[in-house]
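File shown: structure.cif (mmCIF, C-alpha atoms and all ligand atoms).
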```cif
data_protein
loop_
_atom_site.label_atom_id
_atom_site.label_comp_id
_atom_site.auth_asym_id
_atom_site.auth_seq_id
_atom_site.Cartn_x
_atom_site.Cartn_y
_atom_site.Cartn_z
CA MET A 1 -30.18 -225.36 -17.96
CA ALA A 2 -27.57 -223.50 -19.92
CA ASP A 3 -28.67 -222.37 -23.31
CA THR A 4 -26.24 -223.81 -25.86
CA ALA A 5 -27.12 -220.96 -28.25
CA ILE A 6 -25.37 -218.38 -26.05
CA PRO A 7 -22.79 -216.83 -28.34
CA GLN A 8 -19.14 -216.94 -27.38
CA LEU A 9 -16.83 -213.99 -27.90
CA ASN A 10 -13.88 -215.02 -30.01
CA PRO A 11 -12.47 -212.08 -31.96
CA PRO A 12 -10.09 -212.89 -34.81
CA ARG A 13 -6.46 -211.83 -34.57
CA ARG A 14 -5.96 -208.99 -37.04
CA ILE A 15 -3.08 -206.80 -38.07
CA LEU A 16 -4.56 -203.33 -37.84
CA MET A 17 -3.08 -201.25 -40.66
CA GLY A 18 -6.02 -198.92 -41.14
CA PRO A 19 -6.72 -195.40 -39.83
CA GLY A 20 -7.13 -196.69 -36.25
CA PRO A 21 -7.50 -198.57 -34.03
CA SER A 22 -3.90 -199.77 -34.25
CA ASP A 23 -2.39 -202.94 -32.82
CA THR A 24 -2.11 -203.02 -29.04
CA HIS A 25 0.85 -204.20 -26.99
CA PRO A 26 0.18 -207.36 -24.91
CA ARG A 27 1.07 -205.38 -21.75
CA VAL A 28 -1.72 -202.92 -22.57
CA LEU A 29 -4.26 -205.69 -23.04
CA ALA A 30 -3.09 -207.31 -19.81
CA ALA A 31 -3.68 -204.00 -18.00
CA LEU A 32 -7.34 -204.15 -19.08
CA GLY A 33 -7.65 -207.45 -17.22
CA ALA A 34 -6.10 -206.20 -13.96
CA PRO A 35 -8.34 -206.05 -10.85
CA THR A 36 -10.86 -203.23 -10.96
CA VAL A 37 -10.61 -200.90 -7.95
CA GLY A 38 -12.88 -198.07 -6.88
CA HIS A 39 -12.62 -194.69 -8.57
CA LEU A 40 -11.51 -193.11 -5.26
CA ASP A 41 -9.21 -195.97 -4.23
CA PRO A 42 -5.78 -194.60 -3.27
CA TYR A 43 -4.27 -196.94 -5.85
CA PHE A 44 -6.42 -195.47 -8.61
CA LEU A 45 -5.67 -191.90 -7.52
CA GLN A 46 -1.99 -192.74 -7.92
CA VAL A 47 -2.66 -194.17 -11.38
CA MET A 48 -4.43 -190.92 -12.30
CA ASN A 49 -1.54 -188.79 -11.06
CA GLU A 50 1.00 -190.86 -12.96
CA THR A 51 -1.16 -190.78 -16.08
CA GLN A 52 -1.37 -186.98 -15.92
CA SER A 53 2.37 -186.73 -15.50
CA MET A 54 3.00 -189.06 -18.47
CA LEU A 55 0.43 -187.22 -20.59
CA ARG A 56 2.26 -183.96 -19.92
CA GLN A 57 5.48 -185.57 -21.14
CA VAL A 58 3.82 -186.92 -24.29
CA PHE A 59 2.09 -183.59 -25.03
CA ARG A 60 5.33 -181.77 -24.10
CA THR A 61 3.54 -179.39 -21.75
CA GLN A 62 3.54 -178.12 -18.18
CA ASN A 63 -0.22 -177.49 -18.29
CA PRO A 64 -1.74 -178.51 -14.92
CA LEU A 65 -5.09 -179.20 -16.62
CA THR A 66 -4.03 -182.29 -18.56
CA LEU A 67 -6.13 -185.45 -18.22
CA ALA A 68 -7.93 -188.29 -19.99
CA VAL A 69 -11.56 -187.58 -20.86
CA SER A 70 -13.85 -190.62 -20.61
CA GLY A 71 -14.75 -191.15 -24.26
CA THR A 72 -13.05 -191.55 -27.63
CA GLY A 73 -11.21 -188.89 -29.63
CA SER A 74 -14.46 -187.23 -30.66
CA ALA A 75 -15.30 -186.71 -26.98
CA GLY A 76 -11.96 -184.91 -26.72
CA MET A 77 -12.98 -182.70 -29.65
CA GLU A 78 -16.30 -181.95 -28.00
CA THR A 79 -14.59 -181.26 -24.64
CA CYS A 80 -12.25 -178.66 -26.11
CA VAL A 81 -15.04 -176.96 -28.04
CA VAL A 82 -17.76 -176.83 -25.37
CA ASN A 83 -15.42 -175.57 -22.68
CA LEU A 84 -14.07 -172.68 -24.76
CA ILE A 85 -17.27 -171.73 -26.60
CA GLU A 86 -20.26 -169.88 -25.18
CA PRO A 87 -23.36 -169.41 -27.33
CA GLY A 88 -22.70 -166.65 -29.87
CA ASP A 89 -18.90 -166.82 -29.66
CA LYS A 90 -17.12 -166.65 -33.00
CA MET A 91 -15.06 -169.65 -34.03
CA VAL A 92 -13.07 -170.25 -37.19
CA VAL A 93 -12.73 -173.91 -38.17
CA CYS A 94 -10.18 -174.97 -40.79
CA VAL A 95 -11.69 -177.70 -42.95
CA ASN A 96 -9.47 -179.76 -45.28
CA GLY A 97 -10.90 -183.17 -44.45
CA VAL A 98 -13.59 -185.08 -42.60
CA PHE A 99 -12.37 -184.27 -39.09
CA GLY A 100 -12.25 -180.52 -39.69
CA GLY A 101 -15.81 -180.88 -40.96
CA ARG A 102 -16.77 -182.73 -37.78
CA MET A 103 -15.23 -179.96 -35.65
CA ALA A 104 -17.33 -177.34 -37.47
CA ASP A 105 -20.46 -179.40 -36.75
CA VAL A 106 -19.55 -179.80 -33.07
CA ALA A 107 -18.84 -176.06 -32.76
CA ALA A 108 -22.17 -175.09 -34.35
CA ARG A 109 -24.03 -177.45 -32.01
CA ALA A 110 -22.25 -175.80 -29.07
CA GLY A 111 -23.76 -172.48 -30.20
CA ALA A 112 -20.68 -171.01 -31.84
CA HIS A 113 -21.03 -168.63 -34.73
CA VAL A 114 -18.86 -170.73 -37.06
CA THR A 115 -16.87 -169.51 -40.04
CA THR A 116 -15.17 -172.28 -41.98
CA THR A 117 -12.09 -171.72 -44.08
CA GLU A 118 -11.49 -174.51 -46.54
CA GLN A 119 -8.77 -176.28 -48.44
CA LEU A 120 -8.95 -179.13 -50.91
CA PHE A 121 -8.81 -182.56 -49.27
CA GLY A 122 -5.15 -183.56 -49.15
CA GLU A 123 -3.89 -179.95 -49.00
CA VAL A 124 -2.85 -177.97 -45.90
CA PHE A 125 -3.41 -174.36 -44.79
CA SER A 126 -0.88 -171.60 -45.41
CA PRO A 127 -0.19 -168.99 -42.71
CA GLU A 128 -1.56 -166.34 -45.14
CA GLN A 129 -4.92 -168.07 -45.41
CA ILE A 130 -5.23 -168.26 -41.63
CA SER A 131 -4.11 -164.65 -41.25
CA ASP A 132 -6.78 -163.47 -43.72
CA VAL A 133 -9.62 -165.27 -42.00
CA VAL A 134 -8.70 -164.36 -38.40
CA HIS A 135 -8.32 -160.68 -39.31
CA ARG A 136 -11.64 -160.68 -41.15
CA VAL A 137 -13.65 -162.65 -38.52
CA LYS A 138 -11.84 -161.79 -35.24
CA PRO A 139 -12.83 -165.09 -33.61
CA LYS A 140 -12.46 -166.19 -30.01
CA VAL A 141 -11.20 -169.63 -31.10
CA VAL A 142 -9.52 -171.10 -34.18
CA GLY A 143 -9.82 -174.88 -34.61
CA ILE A 144 -7.49 -176.94 -36.80
CA VAL A 145 -6.51 -180.58 -37.34
CA HIS A 146 -2.81 -181.43 -37.04
CA ALA A 147 -2.91 -184.82 -38.77
CA GLU A 148 -5.95 -185.20 -41.06
CA THR A 149 -6.53 -188.93 -40.97
CA SER A 150 -9.12 -188.72 -43.74
CA THR A 151 -6.60 -187.35 -46.25
CA GLY A 152 -3.12 -188.20 -44.92
CA ALA A 153 -1.89 -184.56 -44.70
CA LEU A 154 0.22 -183.03 -41.89
CA GLN A 155 -0.56 -179.41 -40.99
CA PRO A 156 2.42 -177.30 -39.82
CA LEU A 157 1.36 -175.35 -36.69
CA PRO A 158 4.02 -172.99 -35.23
CA GLU A 159 3.46 -170.04 -37.60
CA ILE A 160 -0.29 -170.39 -37.49
CA SER A 161 -0.19 -170.39 -33.71
CA LYS A 162 1.65 -167.04 -33.73
CA ILE A 163 -0.88 -165.51 -36.10
CA VAL A 164 -3.84 -166.74 -34.06
CA HIS A 165 -2.41 -165.36 -30.80
CA GLU A 166 -1.45 -162.01 -32.31
CA ALA A 167 -5.10 -161.71 -33.34
CA GLY A 168 -6.12 -162.37 -29.72
CA ALA A 169 -7.67 -165.79 -30.37
CA LEU A 170 -7.16 -169.23 -28.86
CA LEU A 171 -5.84 -172.18 -30.90
CA LEU A 172 -7.70 -175.48 -30.57
CA VAL A 173 -5.90 -178.45 -32.13
CA ASP A 174 -6.84 -182.04 -33.04
CA THR A 175 -3.84 -184.30 -32.42
CA VAL A 176 -5.78 -187.58 -32.42
CA THR A 177 -3.59 -189.19 -35.06
CA SER A 178 -0.35 -187.26 -34.53
CA LEU A 179 0.22 -187.71 -30.78
CA GLY A 180 2.86 -190.36 -30.15
CA GLY A 181 3.74 -190.68 -33.85
CA THR A 182 5.22 -187.32 -34.76
CA ALA A 183 6.22 -184.17 -32.87
CA VAL A 184 3.41 -182.46 -30.94
CA GLU A 185 4.83 -179.52 -28.95
CA VAL A 186 1.98 -178.07 -26.93
CA ASP A 187 4.07 -175.49 -25.01
CA ALA A 188 6.72 -174.66 -27.61
CA TRP A 189 4.05 -174.11 -30.27
CA GLY A 190 1.67 -172.34 -27.90
CA LEU A 191 -1.36 -174.60 -28.44
CA ASP A 192 -4.27 -173.72 -26.13
CA ALA A 193 -6.73 -176.60 -26.16
CA VAL A 194 -5.51 -179.91 -27.52
CA TYR A 195 -7.19 -183.29 -27.69
CA SER A 196 -6.16 -186.73 -28.81
CA GLY A 197 -7.33 -190.34 -28.74
CA THR A 198 -5.89 -193.56 -27.39
CA GLN A 199 -6.22 -195.90 -30.38
CA LYS A 200 -3.99 -194.30 -32.96
CA CYS A 201 -0.26 -193.78 -32.29
CA LEU A 202 -0.58 -194.50 -28.54
CA SER A 203 -1.67 -198.07 -29.42
CA CYS A 204 -4.25 -198.48 -26.69
CA PRO A 205 -7.82 -199.65 -27.38
CA PRO A 206 -10.28 -196.83 -28.11
CA GLY A 207 -12.01 -195.35 -25.08
CA LEU A 208 -10.21 -192.31 -23.67
CA ALA A 209 -9.34 -188.87 -24.99
CA PRO A 210 -6.22 -187.15 -23.61
CA VAL A 211 -6.74 -183.37 -23.41
CA THR A 212 -4.67 -180.43 -22.23
CA PHE A 213 -5.57 -176.76 -21.67
CA SER A 214 -3.12 -173.85 -21.54
CA PRO A 215 -3.31 -171.15 -18.84
CA ARG A 216 -4.79 -168.88 -21.55
CA ALA A 217 -7.53 -171.43 -22.25
CA ILE A 218 -8.25 -171.81 -18.53
CA ALA A 219 -8.58 -168.03 -18.18
CA ALA A 220 -11.17 -168.14 -20.99
CA ILE A 221 -13.05 -170.96 -19.26
CA GLU A 222 -13.00 -169.08 -15.95
CA ALA A 223 -14.29 -165.92 -17.62
CA ARG A 224 -17.40 -167.71 -18.97
CA LYS A 225 -20.75 -166.10 -18.23
CA THR A 226 -22.68 -169.31 -18.93
CA LYS A 227 -22.28 -172.87 -17.75
CA VAL A 228 -20.49 -175.30 -20.07
CA ALA A 229 -23.23 -176.76 -22.30
CA SER A 230 -22.23 -180.38 -21.57
CA TRP A 231 -22.41 -181.53 -17.95
CA TYR A 232 -20.36 -184.66 -18.67
CA LEU A 233 -17.49 -182.86 -20.41
CA ASP A 234 -17.43 -179.74 -18.20
CA MET A 235 -13.76 -179.25 -17.25
CA THR A 236 -14.70 -177.01 -14.33
CA LEU A 237 -16.33 -180.12 -12.78
CA VAL A 238 -14.09 -182.89 -14.14
CA ARG A 239 -10.93 -181.14 -12.92
CA ASN A 240 -12.20 -181.32 -9.34
CA TYR A 241 -11.96 -185.10 -9.63
CA TRP A 242 -8.55 -185.17 -11.35
CA GLY A 243 -7.24 -182.37 -9.09
CA GLN A 244 -6.82 -182.05 -5.29
CA ASP A 245 -10.51 -182.24 -4.34
CA ARG A 246 -11.17 -185.71 -5.77
CA ALA A 247 -14.84 -184.77 -5.89
CA TYR A 248 -17.00 -187.48 -7.46
CA HIS A 249 -18.19 -186.43 -10.90
CA HIS A 250 -18.60 -189.60 -12.96
CA THR A 251 -17.06 -193.03 -12.44
CA ALA A 252 -13.79 -193.11 -14.34
CA PRO A 253 -13.49 -196.12 -16.70
CA ILE A 254 -10.97 -197.71 -14.34
CA ASN A 255 -9.51 -200.44 -16.56
CA MET A 256 -9.32 -198.21 -19.63
CA ASN A 257 -7.25 -195.84 -17.55
CA TYR A 258 -4.96 -198.73 -16.58
CA ALA A 259 -4.52 -199.46 -20.29
CA LEU A 260 -3.69 -195.86 -21.13
CA HIS A 261 -1.24 -195.71 -18.22
CA GLN A 262 0.54 -198.78 -19.60
CA ALA A 263 0.48 -197.48 -23.20
CA LEU A 264 2.01 -194.16 -22.12
CA ALA A 265 4.68 -195.97 -20.12
CA ILE A 266 5.59 -198.02 -23.21
CA ALA A 267 5.79 -194.87 -25.36
CA LEU A 268 8.04 -193.11 -22.85
CA GLU A 269 10.23 -196.20 -22.36
CA GLU A 270 10.88 -196.16 -26.10
CA GLY A 271 11.48 -192.40 -25.99
CA LEU A 272 9.44 -189.94 -28.03
CA GLU A 273 12.22 -189.05 -30.46
CA ALA A 274 12.99 -192.72 -31.12
CA ARG A 275 9.28 -193.37 -31.58
CA PHE A 276 8.93 -190.57 -34.13
CA ALA A 277 12.03 -191.82 -35.98
CA ARG A 278 10.57 -195.35 -36.06
CA HIS A 279 7.31 -194.06 -37.55
CA LEU A 280 9.19 -192.08 -40.19
CA ARG A 281 11.51 -194.93 -41.15
CA ASN A 282 8.72 -197.47 -41.61
CA HIS A 283 6.66 -194.94 -43.55
CA LEU A 284 9.54 -194.31 -45.94
CA ALA A 285 10.18 -198.04 -46.38
CA LEU A 286 6.50 -198.64 -47.16
CA LYS A 287 6.55 -195.73 -49.57
CA ALA A 288 9.53 -197.18 -51.43
CA GLY A 289 7.75 -200.52 -51.66
CA LEU A 290 4.46 -199.04 -52.81
CA ALA A 291 6.24 -196.97 -55.48
CA ALA A 292 7.79 -200.17 -56.84
CA LEU A 293 4.26 -201.58 -57.16
CA GLY A 294 3.17 -198.48 -59.08
CA LEU A 295 1.20 -196.89 -56.23
CA SER A 296 1.46 -193.16 -55.57
CA TYR A 297 0.43 -190.94 -52.66
CA ALA A 298 -2.66 -188.74 -52.58
CA VAL A 299 -0.76 -186.02 -50.69
CA LYS A 300 2.17 -183.89 -51.86
CA GLU A 301 5.73 -184.75 -50.94
CA GLY A 302 6.67 -182.99 -47.68
CA GLN A 303 3.09 -182.96 -46.34
CA GLN A 304 2.59 -186.71 -45.93
CA LEU A 305 1.79 -188.21 -42.56
CA PRO A 306 4.32 -190.75 -41.29
CA MET A 307 1.59 -192.81 -39.60
CA LEU A 308 -1.09 -192.77 -42.28
CA ASN A 309 -0.32 -193.43 -45.92
CA ALA A 310 -3.10 -192.27 -48.24
CA VAL A 311 -2.42 -193.83 -51.64
CA LEU A 312 -4.34 -193.64 -54.91
CA ILE A 313 -6.07 -196.85 -55.95
CA PRO A 314 -4.67 -197.81 -59.38
CA ALA A 315 -7.07 -197.70 -62.35
CA GLY A 316 -8.73 -201.04 -62.98
CA VAL A 317 -8.27 -202.29 -59.42
CA ASP A 318 -11.37 -202.99 -57.32
CA ASP A 319 -11.11 -201.15 -53.98
CA LEU A 320 -13.38 -203.43 -51.98
CA LYS A 321 -12.07 -206.70 -53.44
CA VAL A 322 -8.51 -205.87 -52.45
CA ARG A 323 -9.46 -204.84 -48.92
CA GLN A 324 -11.63 -207.93 -48.48
CA GLN A 325 -8.88 -210.23 -49.74
CA LEU A 326 -6.30 -208.62 -47.44
CA LEU A 327 -8.59 -209.21 -44.47
CA ARG A 328 -9.77 -212.69 -45.41
CA ASP A 329 -6.51 -214.22 -46.64
CA PHE A 330 -3.95 -212.30 -44.59
CA GLY A 331 -5.83 -210.92 -41.56
CA ILE A 332 -4.72 -207.42 -42.53
CA GLU A 333 -7.04 -204.45 -42.21
CA ILE A 334 -6.40 -201.33 -44.27
CA GLY A 335 -8.79 -198.39 -44.59
CA GLY A 336 -10.79 -197.20 -47.56
CA GLY A 337 -11.19 -193.55 -48.48
CA LEU A 338 -13.42 -191.32 -46.36
CA GLY A 339 -15.83 -188.66 -47.64
CA PRO A 340 -14.92 -187.47 -51.15
CA MET A 341 -11.92 -189.84 -51.15
CA LYS A 342 -14.18 -192.92 -50.95
CA GLY A 343 -13.27 -195.41 -53.69
CA LYS A 344 -10.27 -193.25 -54.68
CA THR A 345 -7.76 -193.95 -51.92
CA TRP A 346 -6.60 -196.56 -49.48
CA ARG A 347 -5.46 -195.44 -46.07
CA ILE A 348 -2.64 -197.59 -44.79
CA GLY A 349 -1.89 -196.96 -41.13
CA LEU A 350 1.49 -197.50 -39.51
CA MET A 351 0.48 -196.29 -36.07
CA GLY A 352 2.18 -197.07 -32.78
CA GLU A 353 2.75 -200.82 -32.36
CA THR A 354 1.70 -201.41 -35.96
CA SER A 355 4.64 -199.40 -37.28
CA SER A 356 7.26 -202.13 -37.76
CA PRO A 357 9.42 -203.55 -40.59
CA ARG A 358 7.60 -206.85 -40.11
CA ASN A 359 4.22 -205.29 -40.95
CA VAL A 360 5.60 -203.20 -43.80
CA LEU A 361 7.08 -206.27 -45.52
CA LEU A 362 4.03 -208.40 -44.79
CA LEU A 363 1.64 -205.84 -46.24
CA LEU A 364 3.75 -205.35 -49.36
CA ALA A 365 3.90 -209.11 -49.97
CA ALA A 366 0.15 -209.46 -49.42
CA LEU A 367 -0.63 -206.46 -51.62
CA GLU A 368 1.48 -207.94 -54.42
CA ARG A 369 -0.74 -210.99 -54.30
CA CYS A 370 -4.02 -209.03 -54.24
CA LEU A 371 -3.02 -206.54 -56.94
CA GLY A 372 -1.57 -209.35 -59.07
CA ASP A 373 -4.85 -211.26 -58.82
CA GLN A 374 -6.49 -208.24 -60.42
CA GLY A 375 -4.07 -208.07 -63.31
CA ALA A 376 -1.78 -205.30 -62.05
CA LYS A 377 1.69 -205.56 -63.57
CA PHE A 378 5.00 -205.22 -61.73
CA ALA A 379 8.16 -207.29 -61.37
CA ALA A 380 7.54 -210.18 -58.96
CA GLY A 381 8.69 -209.23 -55.47
CA ALA A 382 9.36 -205.62 -56.48
CA GLY A 383 7.61 -204.04 -53.47
CA VAL A 384 9.28 -206.18 -50.83
CA ALA A 385 12.68 -205.78 -52.51
CA ALA A 386 12.41 -201.97 -52.61
CA ALA A 387 11.42 -201.78 -48.93
CA ASN A 388 14.25 -204.14 -47.95
CA GLU A 389 16.69 -202.01 -49.91
CA PHE A 390 15.46 -198.92 -48.06
CA TYR A 391 15.91 -200.66 -44.70
CA ARG A 392 19.40 -201.78 -45.66
CA GLN A 393 20.44 -198.27 -46.63
CA ASN A 394 18.83 -196.72 -43.56
CA ALA A 395 19.83 -199.22 -40.90
C1 LIG A 401 -9.93 -190.86 -35.27
C2 LIG A 401 -9.98 -189.38 -35.31
C3 LIG A 401 -10.94 -188.63 -34.60
C4 LIG A 401 -12.09 -189.26 -33.88
O1 LIG A 401 -11.71 -190.10 -32.88
P1 LIG A 401 -12.69 -191.25 -32.37
O2 LIG A 401 -11.84 -191.96 -31.38
O3 LIG A 401 -13.06 -192.05 -33.57
O4 LIG A 401 -13.88 -190.60 -31.75
C5 LIG A 401 -10.83 -187.26 -34.62
N1 LIG A 401 -9.87 -186.63 -35.31
C6 LIG A 401 -8.96 -187.30 -36.03
C7 LIG A 401 -7.92 -186.55 -36.77
C8 LIG A 401 -8.98 -188.70 -36.05
O5 LIG A 401 -8.07 -189.38 -36.76
#
```
As structure tokens, please, write out the structure in this file.
Ligand SMILES: *Cc1c(COP(=O)(O)O)cnc(C)c1O
Amino acid sequence: MADTAIPQLNPPRRILMGPGPSDTHPRVLAALGAPTVGHLDPYFLQVMNETQSMLRQVFRTQNPLTLAVSGTGSAGMETCVVNLIEPGDKMVVCVNGVFGGRMADVAARAGAHVTTTEQLFGEVFSPEQISDVVHRVKPKVVGIVHAETSTGALQPLPEISKIVHEAGALLLVDTVTSLGGTAVEVDAWGLDAVYSGTQKCLSCPPGLAPVTFSPRAIAAIEARKTKVASWYLDMTLVRNYWGQDRAYHHTAPINMNYALHQALAIALEEGLEARFARHLRNHLALKAGLAALGLSYAVKEGQQLPMLNAVLIPAGVDDLKVRQQLLRDFGIEIGGGLGPMKGKTWRIGLMGETSSPRNVLLLLAALERCLGDQGAKFAAGAGVAAANEFYRQNA
């Protein structure tokens, strides 16, 4: 007899305006429900080839070794690190937020001799700071985060890339939050090992980590004297499955790969430039609205991420109460602060599908209610009006 206590899965419908995951397109969710085929089925091999080709377009690279690692963004981080690092290799990790800190931890576990160079949370690295540390340490690899989701700061890369290469090192870059939301130019900027995730600006559920390796990075992998420390993430094995040989390594998460394929197709249908412009426009509209409610950003002008708005929680306002009310009464998720920013900032994501005028106006209206309930003072409707004015002037 059936047990009536068996729980049923019935997730609520949310609007995901936190630091990821972001909202997914219905076509992406439908792809998850498509018939599962075998991991060597000719149909799936075609899906893999198309996915690689679309990933190259999104990463703006010709790198042959471009694929989706089975695992979330952190697995992409670990893949880039363990393939480039042999025990005792020197690595510089730039830490200005939680994810830089995670990269330093991953690198140390992989046996790297890690030197961290630090910046205050919310700040970015200057070319001079990178130049100083690479000339002092002479590392094999320099690791840096492009879009620090924990702080909301965007790290400029082209100059740093030049400095790193002139010093004979490889540049490893975290583009988990930036890819699909703002320019990521793997070839033009000379990035060597780059990883991302599916659930931020690509608007796919979490589960895969796009990665790409430059010819320089591959030469370093091929010159290794020791085996890659992780069997699962070893690119010298995984690439035999994604490449011509199609040698079984591990069973690809078939339906997740369908979803990524669909998400990439949607991004390319929109066009990358149009997608970046959409992210920027909605960010600026939200910013105008938040300013009218008396909220300011935790990151300097000119360094703010278009897909992740880190704002200071006004004095006298209860962080948790506001986030709980947004979720309970409006179905909206925003993020709290991470690490040292906990209790000090909110992180409002406008990533991928989530980045729309509809969500900007909805959040501003809902925030007015939550902030007002806590005694915050502003002219009624000020946030929504300011965002609408921005949209009107930037049609
Ligand atoms: C989300 C994120 C990660 C980690 O990705 P997971 O999918 O959570 O494993 C790494 N780096 C940055 C910058 C991120 O935003």
Within 7 Å of segment 37-41 of chain A using all atoms listed in the file, minus same-chain residues under 6 positions, as a PyMOL selection string
chain A and resi 251-252+254
Residues from the last selection, C-alpha atoms, saved as a tab-separated table (two decimals), in the coordinates of the input:
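New file selection-v4.tsv:
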```
chain	number	residue	atom	x	y	z
A	251	THR	CA	-17.06	-193.03	-12.44
A	252	ALA	CA	-13.79	-193.11	-14.34
A	254	ILE	CA	-10.97	-197.71	-14.34
```
Near-ligand residues for ligand LIG 401 (chain A), threshold 7 Å, all atoms listed in the file, as a ChimeraX atom specification:
/A:19-20,72-75,99,145,147-149,174-177,197,199,206
Take the residues from that selection and put them in a file with C-alpha atoms, as a PDB file, in the frame of the given file.
```pdb
ATOM      1  CA  PRO A  19      -6.720-195.400 -39.830  1.00  0.00           C
ATOM      2  CA  GLY A  20      -7.130-196.690 -36.250  1.00  0.00           C
ATOM      3  CA  THR A  72     -13.050-191.550 -27.630  1.00  0.00           C
ATOM      4  CA  GLY A  73     -11.210-188.890 -29.630  1.00  0.00           C
ATOM      5  CA  SER A  74     -14.460-187.230 -30.660  1.00  0.00           C
ATOM      6  CA  ALA A  75     -15.300-186.710 -26.980  1.00  0.00           C
ATOM      7  CA  PHE A  99     -12.370-184.270 -39.090  1.00  0.00           C
ATOM      8  CA  VAL A 145      -6.510-180.580 -37.340  1.00  0.00           C
ATOM      9  CA  ALA A 147      -2.910-184.820 -38.770  1.00  0.00           C
ATOM     10  CA  GLU A 148      -5.950-185.200 -41.060  1.00  0.00           C
ATOM     11  CA  THR A 149      -6.530-188.930 -40.970  1.00  0.00           C
ATOM     12  CA  ASP A 174      -6.840-182.040 -33.040  1.00  0.00           C
ATOM     13  CA  THR A 175      -3.840-184.300 -32.420  1.00  0.00           C
ATOM     14  CA  VAL A 176      -5.780-187.580 -32.420  1.00  0.00           C
ATOM     15  CA  THR A 177      -3.590-189.190 -35.060  1.00  0.00           C
ATOM     16  CA  GLY A 197      -7.330-190.340 -28.740  1.00  0.00           C
ATOM     17  CA  GLN A 199      -6.220-195.900 -30.380  1.00  0.00           C
ATOM     18  CA  PRO A 206     -10.280-196.830 -28.110  1.00  0.00           C
TER      19      PRO A 206
END
```
Which of these residues is nearest to Ala310 of chain A, using only C-alpha atoms: A:Thr198, A:Ser230, A:Thr345, A:Asn388?
A:Thr345
Nearest to Leu361 of chain A, chosen from A:Leu290, A:Met256, A:Leu326, A:Val47, with only C-alpha atoms counted in the distances
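Selected residue with least distance to Leu361 of chain A: A:Leu290.
Every protein or nucleic acid residue with an atom no more than 10 Å from Asn359 of chain A, counting all atoms listed in the file and leaving out same-chain residues fewer than 3 positions away, appears here: A:Ile15, A:Leu16, A:Met17, A:Asn282, A:Leu286, A:Ile332, A:Leu350, A:Glu353, A:Thr354, A:Ser355, A:Ser356, A:Leu362, A:Leu363, A:Leu364, A:Ala365.
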Find the residue from A:His249, A:Arg13, A:Arg216, A:Lys162 that sits nearest to Pro127 of chain A; use only C-alpha atoms when measuring.
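Closest to Pro127 of chain A, using only C-alpha atoms: A:Lys162.
Closest approach to Val184 of chain A from the set A:Val322, A:Val98, A:Val317, A:Leu154 is made by A:Leu154, with distances taken over all atoms listed in the file.
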Between atom CA of Ala380 of chain A and atom CA of Pro306 of chain A, what distance in Å does the model show, to one decimal?
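We find that atom CA of Ala380 of chain A and atom CA of Pro306 of chain A lie 26.5 Å from each other.
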Could you please determine the separation between atom CA of Thr117 of chain A and atom CA of Asp192 of chain A in Å, to one decimal place?
19.7 Å
Kindly extract all protein, DNA and RNA residues lying within 6 Å of the coordinates (-12.5, -171.9, -37.5) given in the file, considering only C-alpha atoms, and supply them as a list in words.
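Final list of nearby residues, as requested, is Met91, Val92, Val93, Cys94, Thr115, Thr116, Val142 and Gly143 of chain A.
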How would the residues just picked look written out with C-alpha atoms as a short mmCIF file (atom, residue, chain, number, x, y, z; two decimals), in the coordinates of the input?
```cif
data_model
loop_
_atom_site.label_atom_id
_atom_site.label_comp_id
_atom_site.auth_asym_id
_atom_site.auth_seq_id
_atom_site.Cartn_x
_atom_site.Cartn_y
_atom_site.Cartn_z
CA MET A 91 -15.06 -169.65 -34.03
CA VAL A 92 -13.07 -170.25 -37.19
CA VAL A 93 -12.73 -173.91 -38.17
CA CYS A 94 -10.18 -174.97 -40.79
CA THR A 115 -16.87 -169.51 -40.04
CA THR A 116 -15.17 -172.28 -41.98
CA VAL A 142 -9.52 -171.10 -34.18
CA GLY A 143 -9.82 -174.88 -34.61
#
```
Given all atoms listed in the file as the counted atoms, nearest of A:Leu172, A:Ala376, A:Val141, A:Ala263 to Leu208 of chain A
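Using all atoms listed in the file, the shortest distance to Leu208 of chain A belongs to A:Ala263.
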Residues at most 7 Å from Ala107 of chain A, counting all atoms listed in the file, excluding those fewer than 5 positions away in the same chain, as a ChimeraX atom specification?
/A:81,112,114
Which of these, A:Phe390, A:Ile218, A:His113, A:Leu191, has the shortest distance to Arg60 of chain A once you count all atoms listed in the file?
A:Leu191
Quick one: distance from atom CA of Gly101 of chain A to atom CA of Met77 of chain A in Å, one decimal?
11.8 Å
Excluding segment 52-54 of chain A and residues on its chain fewer than 6 positions from it, collect all residues at most 9 Å away from it, counting all atoms listed in the file, and give them as a PyMOL selection string.
chain A and resi 64-68+242+261+264-265+268
Every residue with an atom at most 12 Å from (19.0, -196.5, -46.2) (file coordinates; all atoms listed in the file) is what I'm after, so could you write them as a short mmCIF file (atom, residue, chain, number, x, y, z; two decimals) with C-alpha atoms, in the coordinates of the input?
```cif
data_model
loop_
_atom_site.label_atom_id
_atom_site.label_comp_id
_atom_site.auth_asym_id
_atom_site.auth_seq_id
_atom_site.Cartn_x
_atom_site.Cartn_y
_atom_site.Cartn_z
CA ARG A 281 11.51 -194.93 -41.15
CA ASN A 282 8.72 -197.47 -41.61
CA LEU A 284 9.54 -194.31 -45.94
CA ALA A 285 10.18 -198.04 -46.38
CA ALA A 288 9.53 -197.18 -51.43
CA ALA A 386 12.41 -201.97 -52.61
CA ALA A 387 11.42 -201.78 -48.93
CA ASN A 388 14.25 -204.14 -47.95
CA GLU A 389 16.69 -202.01 -49.91
CA PHE A 390 15.46 -198.92 -48.06
CA TYR A 391 15.91 -200.66 -44.70
CA ARG A 392 19.40 -201.78 -45.66
CA GLN A 393 20.44 -198.27 -46.63
CA ASN A 394 18.83 -196.72 -43.56
CA ALA A 395 19.83 -199.22 -40.90
#
```
